[in-house]
Every structure is written in structure tokens, then in C-alpha cells.
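Listing of protein-v2.txt; format and content: compact mmCIF, C-alpha atoms.
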# COMPACT_ATOMS: atom_id res chain seq x y z
CA MET J 979 -118.52 162.17 38.52
CA ILE J 980 -119.11 159.31 36.13
CA THR J 981 -122.10 159.03 33.85
CA PRO J 982 -122.91 155.36 33.28
CA THR J 983 -123.42 153.99 29.80
CA ALA J 984 -126.91 152.76 30.65
CA PRO J 985 -129.35 152.92 33.56
CA PHE J 986 -128.99 150.41 36.33
CA ALA J 987 -130.66 147.05 35.74
CA PRO J 988 -130.85 144.73 38.76
CA PRO J 989 -128.42 141.88 38.13
CA ARG J 990 -130.68 139.31 39.75
CA ALA J 991 -134.07 139.10 41.33
CA GLY J 992 -134.07 140.42 44.88
CA ALA J 993 -130.80 142.32 44.58
CA ALA J 994 -130.42 145.40 46.74
CA THR J 995 -130.74 148.58 44.67
CA ALA J 996 -132.13 151.37 46.86
CA GLY J 997 -129.89 153.82 48.68
CA LEU J 998 -126.22 154.62 48.18
CA THR J 999 -123.29 152.25 48.43
CA VAL J 1000 -120.03 153.10 50.19
CA ALA J 1001 -117.37 151.87 47.78
CA ILE J 1002 -113.75 151.36 48.80
CA ASP J 1003 -111.04 150.29 46.36
CA ILE J 1004 -107.76 149.10 47.91
CA GLY J 1005 -104.69 148.68 45.74
CA GLY J 1006 -100.94 148.75 45.96
CA THR J 1007 -100.62 152.41 44.98
CA LYS J 1008 -103.86 154.03 46.12
CA ILE J 1009 -106.89 153.59 48.36
CA ALA J 1010 -109.99 155.22 46.89
CA GLY J 1011 -113.53 155.74 48.06
CA ALA J 1012 -116.85 157.02 46.75
CA LEU J 1013 -120.56 157.04 47.42
CA VAL J 1014 -122.10 155.22 44.47
CA HIS J 1015 -125.68 155.91 43.43
CA PRO J 1016 -128.07 153.22 42.17
CA ASP J 1017 -127.47 154.34 38.57
CA GLY J 1018 -123.68 154.03 38.90
CA THR J 1019 -122.83 157.71 39.24
CA MET J 1020 -120.40 158.59 42.01
CA SER J 1021 -120.29 161.35 44.62
CA ALA J 1022 -117.76 162.42 47.27
CA THR J 1023 -114.87 160.62 45.57
CA THR J 1024 -111.63 160.62 47.54
CA ARG J 1025 -108.29 158.83 47.60
CA ARG J 1026 -105.11 158.41 49.59
CA PRO J 1027 -101.77 156.90 48.55
CA THR J 1028 -101.18 153.41 49.90
CA PRO J 1029 -98.39 153.78 52.49
CA ARG J 1030 -95.11 152.20 51.47
CA GLY J 1031 -92.93 150.38 53.98
CA ALA J 1032 -95.51 150.95 56.72
CA ASP J 1033 -97.03 148.54 59.20
CA ALA J 1034 -100.54 147.10 58.95
CA ASP J 1035 -102.18 149.76 61.10
CA ALA J 1036 -100.62 152.56 59.06
CA VAL J 1037 -102.15 151.13 55.90
CA MET J 1038 -105.48 150.81 57.67
CA ALA J 1039 -105.17 154.43 58.76
CA ALA J 1040 -105.29 155.45 55.09
CA VAL J 1041 -108.51 153.43 54.68
CA THR J 1042 -109.90 155.14 57.78
CA GLU J 1043 -109.12 158.55 56.28
CA VAL J 1044 -111.03 157.61 53.14
CA VAL J 1045 -114.05 156.52 55.19
CA ALA J 1046 -113.82 159.74 57.20
CA ASP J 1047 -113.84 161.80 54.00
CA LEU J 1048 -116.95 160.00 52.78
CA SER J 1049 -118.69 160.44 56.13
CA ARG J 1050 -118.45 164.21 55.79
CA SER J 1051 -120.62 164.16 52.68
CA PRO J 1052 -124.23 165.33 53.16
CA LEU J 1053 -125.21 162.09 51.38
CA TRP J 1054 -123.61 159.87 54.04
CA SER J 1055 -126.91 159.16 55.78
CA SER J 1056 -128.27 157.65 52.53
CA ALA J 1057 -125.60 154.93 52.42
CA VAL J 1058 -127.12 151.53 53.19
CA ARG J 1059 -124.37 149.07 52.20
CA CYS J 1060 -120.63 148.93 51.65
CA GLY J 1061 -118.49 147.20 49.05
CA ILE J 1062 -114.75 146.71 49.57
CA GLY J 1063 -112.65 145.75 46.56
CA SER J 1064 -109.08 144.74 47.33
CA ALA J 1065 -105.98 143.45 45.66
CA GLY J 1066 -105.56 139.80 46.55
CA PRO J 1067 -105.31 137.12 47.56
CA VAL J 1068 -108.52 137.53 49.53
CA ASP J 1069 -110.51 135.18 51.74
CA THR J 1070 -114.07 136.44 51.78
CA SER J 1071 -115.17 133.60 54.05
CA ARG J 1072 -113.03 135.19 56.77
CA GLY J 1073 -113.08 138.80 55.62
CA THR J 1074 -109.29 138.89 55.27
CA VAL J 1075 -106.84 140.02 52.61
CA SER J 1076 -103.16 139.29 51.93
CA PRO J 1077 -102.36 141.54 48.95
CA VAL J 1078 -99.17 140.70 47.11
CA ASN J 1079 -98.51 144.42 46.67
CA ILE J 1080 -99.26 145.43 50.29
CA GLY J 1081 -96.64 143.54 52.26
CA ALA J 1082 -97.86 144.71 55.67
CA TRP J 1083 -101.23 143.03 55.26
CA ARG J 1084 -101.20 139.28 55.71
CA GLU J 1085 -104.58 137.77 56.63
CA PHE J 1086 -105.56 141.29 57.59
CA PRO J 1087 -109.19 141.50 58.80
CA VAL J 1088 -110.08 144.42 56.55
CA GLN J 1089 -113.81 143.71 56.43
CA ALA J 1090 -114.24 143.80 60.21
CA ARG J 1091 -112.05 146.89 60.49
CA VAL J 1092 -114.07 148.76 57.86
CA GLU J 1093 -117.33 147.70 59.51
CA ALA J 1094 -116.06 149.17 62.78
CA GLU J 1095 -115.20 152.45 61.05
CA LEU J 1096 -118.62 152.65 59.43
CA ALA J 1097 -120.32 152.09 62.79
CA ALA J 1098 -118.11 154.67 64.49
CA ARG J 1099 -119.21 157.25 61.92
CA GLY J 1100 -122.91 156.57 62.35
CA ALA J 1101 -123.56 154.62 59.17
CA ARG J 1102 -126.77 152.60 59.38
CA GLY J 1103 -128.44 150.22 56.95
CA ALA J 1104 -131.93 150.59 55.55
CA ASP J 1105 -133.39 148.90 58.64
CA GLY J 1106 -131.35 151.00 61.06
CA ALA J 1107 -128.93 148.17 61.78
CA GLN J 1108 -125.22 148.07 61.03
CA VAL J 1109 -124.39 148.71 57.38
CA PRO J 1110 -123.81 145.33 55.69
CA THR J 1111 -120.50 144.94 53.88
CA VAL J 1112 -119.15 142.77 51.08
CA LEU J 1113 -115.47 142.03 50.43
CA ALA J 1114 -114.40 141.22 46.87
CA GLY J 1115 -111.08 140.65 45.20
CA ASP J 1116 -110.17 143.19 42.55
CA GLY J 1117 -110.77 140.74 39.69
CA VAL J 1118 -114.24 139.91 40.98
CA ALA J 1119 -114.99 143.61 41.52
CA MET J 1120 -113.91 144.42 37.96
CA THR J 1121 -116.18 141.62 36.74
CA ALA J 1122 -119.15 143.04 38.63
CA ALA J 1123 -118.44 146.49 37.21
CA GLU J 1124 -118.14 145.39 33.60
CA HIS J 1125 -121.32 143.33 33.84
CA TRP J 1126 -123.24 146.21 35.38
CA LEU J 1127 -122.14 149.12 33.22
CA GLY J 1128 -119.34 147.94 30.97
CA ALA J 1129 -118.41 145.62 28.13
CA ALA J 1130 -120.11 142.53 29.61
CA GLN J 1131 -123.44 144.30 30.04
CA GLY J 1132 -126.29 142.18 28.70
CA HIS J 1133 -124.31 138.92 28.82
CA ALA J 1134 -125.68 136.30 31.19
CA ASN J 1135 -122.39 134.35 31.23
CA ALA J 1136 -119.08 136.17 31.06
CA LEU J 1137 -115.43 135.92 31.99
CA CYS J 1138 -113.77 139.21 32.91
CA MET J 1139 -110.02 139.51 33.33
CA VAL J 1140 -107.37 141.92 34.54
CA VAL J 1141 -104.04 141.53 32.75
CA SER J 1142 -101.46 143.70 34.48
CA THR J 1143 -98.51 142.90 36.74
CA GLY J 1144 -100.54 139.75 37.47
CA VAL J 1145 -103.51 138.09 35.81
CA GLY J 1146 -106.82 137.87 37.67
CA GLY J 1147 -110.45 137.52 36.82
CA GLY J 1148 -113.99 136.70 37.77
CA LEU J 1149 -117.13 135.05 36.46
CA ILE J 1150 -120.72 135.98 35.75
CA LEU J 1151 -122.90 132.87 35.53
CA ASN J 1152 -126.63 133.08 34.84
CA ASN J 1153 -126.50 136.85 35.43
CA GLN J 1154 -125.05 136.36 38.90
CA LEU J 1155 -121.62 137.20 40.18
CA HIS J 1156 -119.91 133.92 41.10
CA PRO J 1157 -117.07 134.66 43.55
CA GLY J 1158 -116.93 131.17 45.05
CA PRO J 1159 -116.64 130.24 48.75
CA THR J 1160 -113.48 132.29 49.39
CA GLY J 1161 -113.96 134.93 46.69
CA ASN J 1162 -111.40 133.51 44.28
CA ALA J 1163 -113.50 131.79 41.61
CA GLY J 1164 -112.47 132.86 38.12
CA HIS J 1165 -108.82 133.40 39.05
CA ILE J 1166 -107.76 132.51 35.52
CA GLY J 1167 -104.17 133.61 36.00
CA HIS J 1168 -103.36 130.34 37.71
CA ILE J 1169 -104.74 127.95 35.15
CA SER J 1170 -101.80 125.96 33.80
CA VAL J 1171 -101.47 126.21 30.03
CA ALA J 1172 -97.91 124.84 29.72
CA PHE J 1173 -97.40 121.61 31.61
CA ASP J 1174 -93.62 121.83 31.23
CA GLY J 1175 -93.59 125.58 31.76
CA GLU J 1176 -91.53 127.54 34.21
CA PRO J 1177 -92.47 127.64 37.90
CA CYS J 1178 -95.08 130.20 38.87
CA VAL J 1179 -95.04 132.28 42.03
CA CYS J 1180 -98.13 130.36 43.15
CA GLY J 1181 -96.16 127.11 43.23
CA GLY J 1182 -97.60 125.70 40.02
CA HIS J 1183 -96.02 125.41 36.59
CA GLY J 1184 -96.86 127.07 33.30
CA CYS J 1185 -99.61 129.29 34.68
CA VAL J 1186 -101.17 131.96 32.48
CA GLU J 1187 -99.76 134.64 34.78
CA SER J 1188 -96.21 133.31 34.33
CA ILE J 1189 -96.55 133.82 30.56
CA ALA J 1190 -99.04 136.64 29.94
CA SER J 1191 -98.67 139.13 32.78
CA GLY J 1192 -96.89 142.38 32.04
CA THR J 1193 -94.00 141.24 34.18
CA ALA J 1194 -93.74 137.94 32.30
CA ILE J 1195 -93.94 139.56 28.87
CA ALA J 1196 -91.08 141.94 29.68
CA ARG J 1197 -89.01 139.22 31.36
CA TRP J 1198 -89.32 136.85 28.38
CA ALA J 1199 -88.56 139.55 25.81
CA LEU J 1200 -85.43 140.63 27.69
CA ALA J 1201 -84.30 137.00 28.02
CA GLN J 1202 -84.66 136.60 24.25
CA GLY J 1203 -82.34 139.53 23.62
CA TRP J 1204 -84.79 142.38 23.21
CA THR J 1205 -83.66 145.75 24.54
CA PRO J 1206 -85.37 149.15 24.48
CA ALA J 1207 -84.53 151.25 21.43
CA GLU J 1208 -83.01 153.96 23.60
CA PRO J 1209 -80.51 153.37 26.43
CA GLY J 1210 -82.41 153.49 29.69
CA GLY J 1211 -85.70 153.25 27.80
CA ASP J 1212 -88.89 151.56 28.95
CA ALA J 1213 -88.12 147.89 29.61
CA THR J 1214 -91.61 147.07 30.89
CA ALA J 1215 -94.43 145.43 28.94
CA ALA J 1216 -95.45 148.88 27.72
CA GLY J 1217 -92.02 149.26 26.14
CA VAL J 1218 -92.27 145.80 24.62
CA ALA J 1219 -95.69 146.72 23.21
CA GLU J 1220 -94.27 149.87 21.63
CA ALA J 1221 -91.49 147.84 20.05
CA ALA J 1222 -93.99 145.26 18.81
CA ARG J 1223 -96.02 147.97 17.10
CA ALA J 1224 -92.81 149.12 15.43
CA GLY J 1225 -92.26 145.60 14.10
CA ASP J 1226 -89.58 144.26 16.45
CA PRO J 1227 -89.75 140.45 15.99
CA VAL J 1228 -88.87 139.51 19.57
CA ALA J 1229 -91.39 141.97 21.01
CA ARG J 1230 -94.06 140.66 18.66
CA ALA J 1231 -93.22 137.10 19.66
CA ALA J 1232 -93.55 138.02 23.34
CA PHE J 1233 -97.08 139.29 22.79
CA ASP J 1234 -97.95 136.36 20.54
CA ARG J 1235 -96.83 133.99 23.31
CA ALA J 1236 -98.92 135.89 25.87
CA GLY J 1237 -101.92 135.97 23.54
CA ARG J 1238 -101.71 132.22 23.01
CA ALA J 1239 -101.66 131.55 26.75
CA LEU J 1240 -104.64 133.83 27.31
CA ALA J 1241 -106.53 132.27 24.40
CA ALA J 1242 -106.00 128.76 25.76
CA ALA J 1243 -107.26 129.74 29.20
CA ILE J 1244 -110.22 131.71 27.86
CA ALA J 1245 -111.28 128.79 25.66
CA ALA J 1246 -110.91 126.33 28.55
CA THR J 1247 -113.06 128.50 30.79
CA ALA J 1248 -115.71 128.96 28.12
CA THR J 1249 -115.80 125.23 27.44
CA LEU J 1250 -116.21 124.48 31.14
CA VAL J 1251 -118.98 126.95 32.02
CA GLU J 1252 -120.22 128.22 28.62
CA THR J 1253 -119.31 131.87 28.82
CA ASP J 1254 -119.88 133.72 25.55
CA ILE J 1255 -117.66 136.76 26.11
CA ALA J 1256 -114.27 137.47 27.64
CA VAL J 1257 -113.65 141.05 28.73
CA ILE J 1258 -110.01 142.02 29.30
CA GLY J 1259 -108.82 145.09 31.19
CA GLY J 1260 -105.66 146.12 32.99
CA GLY J 1261 -102.44 147.79 31.97
CA VAL J 1262 -101.36 145.18 29.41
CA ALA J 1263 -104.77 145.33 27.72
CA ALA J 1264 -104.05 149.02 27.06
CA SER J 1265 -101.70 147.83 24.31
CA GLY J 1266 -104.81 147.21 22.22
CA ASP J 1267 -104.50 145.05 19.12
CA THR J 1268 -100.90 144.25 20.02
CA LEU J 1269 -102.45 141.94 22.62
CA PHE J 1270 -105.96 141.35 21.26
CA ALA J 1271 -104.95 140.33 17.73
CA PRO J 1272 -102.88 137.32 18.85
CA ILE J 1273 -105.52 136.32 21.40
CA ARG J 1274 -108.19 136.25 18.71
CA LYS J 1275 -105.89 134.46 16.25
CA HIS J 1276 -105.05 131.69 18.69
CA LEU J 1277 -108.57 131.44 20.08
CA ALA J 1278 -109.72 129.85 16.84
CA ALA J 1279 -107.40 126.92 17.52
CA TYR J 1280 -108.67 126.37 21.08
CA ALA J 1281 -112.37 127.29 21.02
CA THR J 1282 -113.34 124.60 18.52
CA LEU J 1283 -116.53 123.08 19.91
CA SER J 1284 -119.78 124.37 18.47
CA PHE J 1285 -120.95 126.02 21.68
CA VAL J 1286 -117.81 128.15 22.06
CA GLN J 1287 -117.03 129.02 18.45
CA ASP J 1288 -118.80 132.38 18.72
CA LEU J 1289 -116.88 133.38 21.85
CA ARG J 1290 -115.96 137.08 21.73
CA VAL J 1291 -112.92 138.75 23.29
CA VAL J 1292 -113.29 142.49 23.90
CA PRO J 1293 -111.55 145.26 25.85
CA ALA J 1294 -112.94 146.38 29.20
CA SER J 1295 -114.65 149.76 29.02
CA LEU J 1296 -114.62 151.23 32.54
CA GLY J 1297 -110.88 151.74 32.93
CA THR J 1298 -109.76 153.23 36.22
CA HIS J 1299 -113.35 153.55 37.40
CA ALA J 1300 -113.83 149.77 37.50
CA GLY J 1301 -112.47 149.40 41.06
CA LEU J 1302 -114.99 151.68 42.77
CA ILE J 1303 -117.88 150.83 40.46
CA GLY J 1304 -117.02 147.16 40.95
CA ALA J 1305 -116.92 147.38 44.74
CA ALA J 1306 -120.39 148.92 44.68
CA ALA J 1307 -121.68 146.46 42.10
CA ALA J 1308 -120.40 143.47 44.09
CA ALA J 1309 -122.18 144.70 47.20
CA THR J 1310 -125.37 145.28 45.21
CA MET J 1311 -125.23 141.85 43.60
CA LEU J 1312 -124.26 139.81 46.63
CA LEU J 1313 -126.26 141.35 49.45
CA PRO J 1314 -129.92 140.47 49.95
CA SER J 1315 -132.58 143.03 49.11
CA SER J 1316 -132.64 145.90 51.59
Write out the structure in this file as C-alpha cells.
Amino acid sequence: MITPTAPFAPPRAGAATAGLTVAIDIGGTKIAGALVHPDGTMSATTRRPTPRGADADAVMAAVTEVVADLSRSPLWSSAVRCGIGSAGPVDTSRGTVSPVNIGAWREFPVQARVEAELAARGARGADGAQVPTVLAGDGVAMTAAEHWLGAAQGHANALCMVVSTGVGGGLILNNQLHPGPTGNAGHIGHISVAFDGEPCVCGGHGCVESIASGTAIARWALAQGWTPAEPGGDATAAGVAEAARAGDPVARAAFDRAGRALAAAIAATATLVETDIAVIGGGVAASGDTLFAPIRKHLAAYATLSFVQDLRVVPASLGTHAGLIGAAAAATMLLPSS
């Protein structure tokens, strides 16, 4: 069970707050679920490994098992809404997901399938009707979580980011979650910061993700001649971070390059929509000042206008809990009052 850092404060007038929220977090390695209380504490937490090399229905079967586990809780009858956070890309206008790290799901109708499972297990909303659901990408869910109970709490305008094997994010504008028409607003990883940069998997060039993701950091360091200190050692971004802390010049340059790309994108976003804080989570952010120091150094060169000069960059605070808390927070913020 998680104890939140502060009591729940409704993120906007009219937001749904009463009752419990069924929260489901779908990622490439695990599918988790919980019943989330209005203060952010969690009950009946459960998880299943995400099936590898399986077809679409087999992956959905793991989601079904998670819902079944939750339905056996004595608190199940108090659930009045459902939030689904998923690795992306997502299309919330259609309720579909095509996660890069779940190859079996392409335009998979996860929202409708979860709604059917909820109905089959007797879940009913506050008015006795079908439990309403919200689908959010993992970056948007993390943003909702950090604004509710994490490092962006109290900020009316915030950018939250996940820097891991990819780079994603989401926006809080005027105290409201801003997912955009398809749920992809704030996807900062595919802002181009190097016009002559290498091709990105998205089809663009010089995207933040192609420079600052964990995959990109390790790839660049290896291409520049860096090797782990020990044969067969960690050649991922975590290994590069360790080498950077030990003073390896190539490893330090890899993180400086990533920090510069992130700083440019953060400053551009803040200039466009006047965010005053950037919250960064994910596996690469776990390297601490190895990443944050170059971001802050370079930010001074990009955030030069008076209204962005006080922009802060801070680590996310909810860690592995952000997926479930975020799924619940997104549902609470985006559904009408119940």
C-alpha cells in the first residue's frame, strides 16, 4: 500500500473524486492492477508478466486475469471508474493501442475489451450504469500521477517526461491534464532538436528520443569507442552512467549530449505553453545528477526569455508507482463528476 505525500486535491472543478478507481497499467514487461482510493492509496494490487511471443488474445488474457484478481476484492463494488495506462502509441479517440514493446497488439481495442471485462464481473458506476473508462498513454498517465501526488503537485502548468528506452511525456495546462485529441499531446520525444541529425524510428530526423533515450545514449557512447570497464559488463545507459560518474570522458560526453537535447526540448515546450516545471522520470533519470546536471547547464542557454528563466527541472518522485497512480489520476481528471 502506498501512502500519498499529501491528501487528494481535485485537479479541476467538477472532477470525479468519490468511490474507488480500477487502475490498470500495461507495459512491455508487466501488467499491473489496483483499486485506488480517492486519497491515492492502493488496495488489492496485483500483476502478471506481459506474455512474450504470444498473440493478441494471449496478452489480453493477462489483462483479464488482473481484472479478475481485482474483482475478488471486497472493495470491488465501490469501484466507479476505470483508468487504463498503456505503453504507446495510443489512440484514445478510438480506444486502441499499438505498443512498441508489445508486438502482438497493433490497433488493439484495449478500452472496449477492458470495458467488457468490467461489465462481465458486475462492475457498475455510481449511477448503476456501466463503469466509465479512460485510456491514457504511459507518459500522460505519469504526468497525471506527478501532478496529483508527485513532483509537479501545486504547479498549474507542467511538463512531465519519461526518459527510458524511449522518451515520452505529457502536459498539465491550467491545472488540467491535456492529452490532446488522440492522447499524444506532450510527446516530447519526437520534437526535432537536430535538423541534420540521424533518422529517428518515427520517420523524423534529430528527435530528442534519437539522442537522449537510454538506447541512444548507449549506442552513441559505443560508437565513440566507449566500452564497459569489465569484459561483458553493462553496455546499457546504466553502464554508461556508471562510467560517467567515474570520469570516463566519452560516457560524460554521451550524457552531456543527451542533456543538451532534453534542455532544448524542455525550453521549447516551456516557451510555447509557459510551463514552469519539468519533471523527469524513467530509467535514465535514475542516473541522477549525471543526467540532471547537463540538462540544467544547457537549459540556461535555451530558456532565455524572461517568462521561462525560472523554469525548474526536477526528478519524478513516484517511481514505479506512477503507472497505477497515473491511470487512476487520468480517469479522475478526465471523467465528468460522478
To box segment 1073-1092 of chain J, take all atoms listed in the file, fit an axis-aligned box, add 4 Å on each side, and give centre and edge lengths in Å to one decimal, as AutoDock Vina command-line options.
--center_x -105.4 --center_y 143.3 --center_z 53.6 --size_x 25.6 --size_y 19.0 --size_z 21.8
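Of the residues under consideration (J:Gln1131, J:Gln1089, J:Ser1021, J:Thr1247), J:Thr1247 shows the shortest atom-to-atom contact distance to Gly1167 of chain J when counting all atoms listed in the file.
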Atomic separation - atom CA of Ile1189 of chain J relative to atom CA of Ala1294 of chain J, Å: 20.7 Å
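Selecting by distance to (-126.5, 155.3, 44.8) with a limit of 7 Å and using only C-alpha atoms, one obtains Gly997, Leu998, Thr999, Leu1013, Val1014, His1015, Pro1016, Asp1017 and Gly1018 of chain J.
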Shell of 7 Å around Arg1238 of chain J, all atoms listed in the file, local chain residues under 4 positions omitted, as a list in words: Asp1234, Ala1242, Pro1272, Ile1273 and His1276 of chain J
Contact residues around segment 1050-1067 of chain J with all atoms listed in the file at 6 Å, ignoring same-chain residues under 3 positions, as a list in words: Gly997, Leu998, Thr999, Val1000, Ala1001, Ile1002, Asp1003, Ile1004, Gly1005, Asp1047, Ser1076, Pro1077, Gly1103, Ala1104, Val1109, Pro1110, Thr1111, Val1112, Leu1113, Ala1114, Gly1115, Asp1116, Ala1119, Ala1305, Ala1306 and Ala1309 of chain J
Selected residues written out, C-alpha atoms, as a compact mmCIF listing (two decimals), in the frame of the given file:
# COMPACT_ATOMS: atom_id res chain seq x y z
CA GLY J 997 -129.89 153.82 48.68
CA LEU J 998 -126.22 154.62 48.18
CA THR J 999 -123.29 152.25 48.43
CA VAL J 1000 -120.03 153.10 50.19
CA ALA J 1001 -117.37 151.87 47.78
CA ILE J 1002 -113.75 151.36 48.80
CA ASP J 1003 -111.04 150.29 46.36
CA ILE J 1004 -107.76 149.10 47.91
CA GLY J 1005 -104.69 148.68 45.74
CA ASP J 1047 -113.84 161.80 54.00
CA SER J 1076 -103.16 139.29 51.93
CA PRO J 1077 -102.36 141.54 48.95
CA GLY J 1103 -128.44 150.22 56.95
CA ALA J 1104 -131.93 150.59 55.55
CA VAL J 1109 -124.39 148.71 57.38
CA PRO J 1110 -123.81 145.33 55.69
CA THR J 1111 -120.50 144.94 53.88
CA VAL J 1112 -119.15 142.77 51.08
CA LEU J 1113 -115.47 142.03 50.43
CA ALA J 1114 -114.40 141.22 46.87
CA GLY J 1115 -111.08 140.65 45.20
CA ASP J 1116 -110.17 143.19 42.55
CA ALA J 1119 -114.99 143.61 41.52
CA ALA J 1305 -116.92 147.38 44.74
CA ALA J 1306 -120.39 148.92 44.68
CA ALA J 1309 -122.18 144.70 47.20
Computed interatomic separation between atom CA of Ser1295 of chain J and atom CA of Asn1152 of chain J (Å): 21.3 Å
Separation of atom CA of Gly1081 of chain J from atom CA of Gly1031 of chain J, in Å and rounded to one decimal: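 Atom CA of Gly1081 of chain J sits 8.0 Å away from atom CA of Gly1031 of chain J.
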Nearest residue to Pro1087 of chain J from the set J:Asp1035, J:Leu1127, J:Leu1137, J:Arg1102 (distances using only C-alpha atoms): J:Asp1035
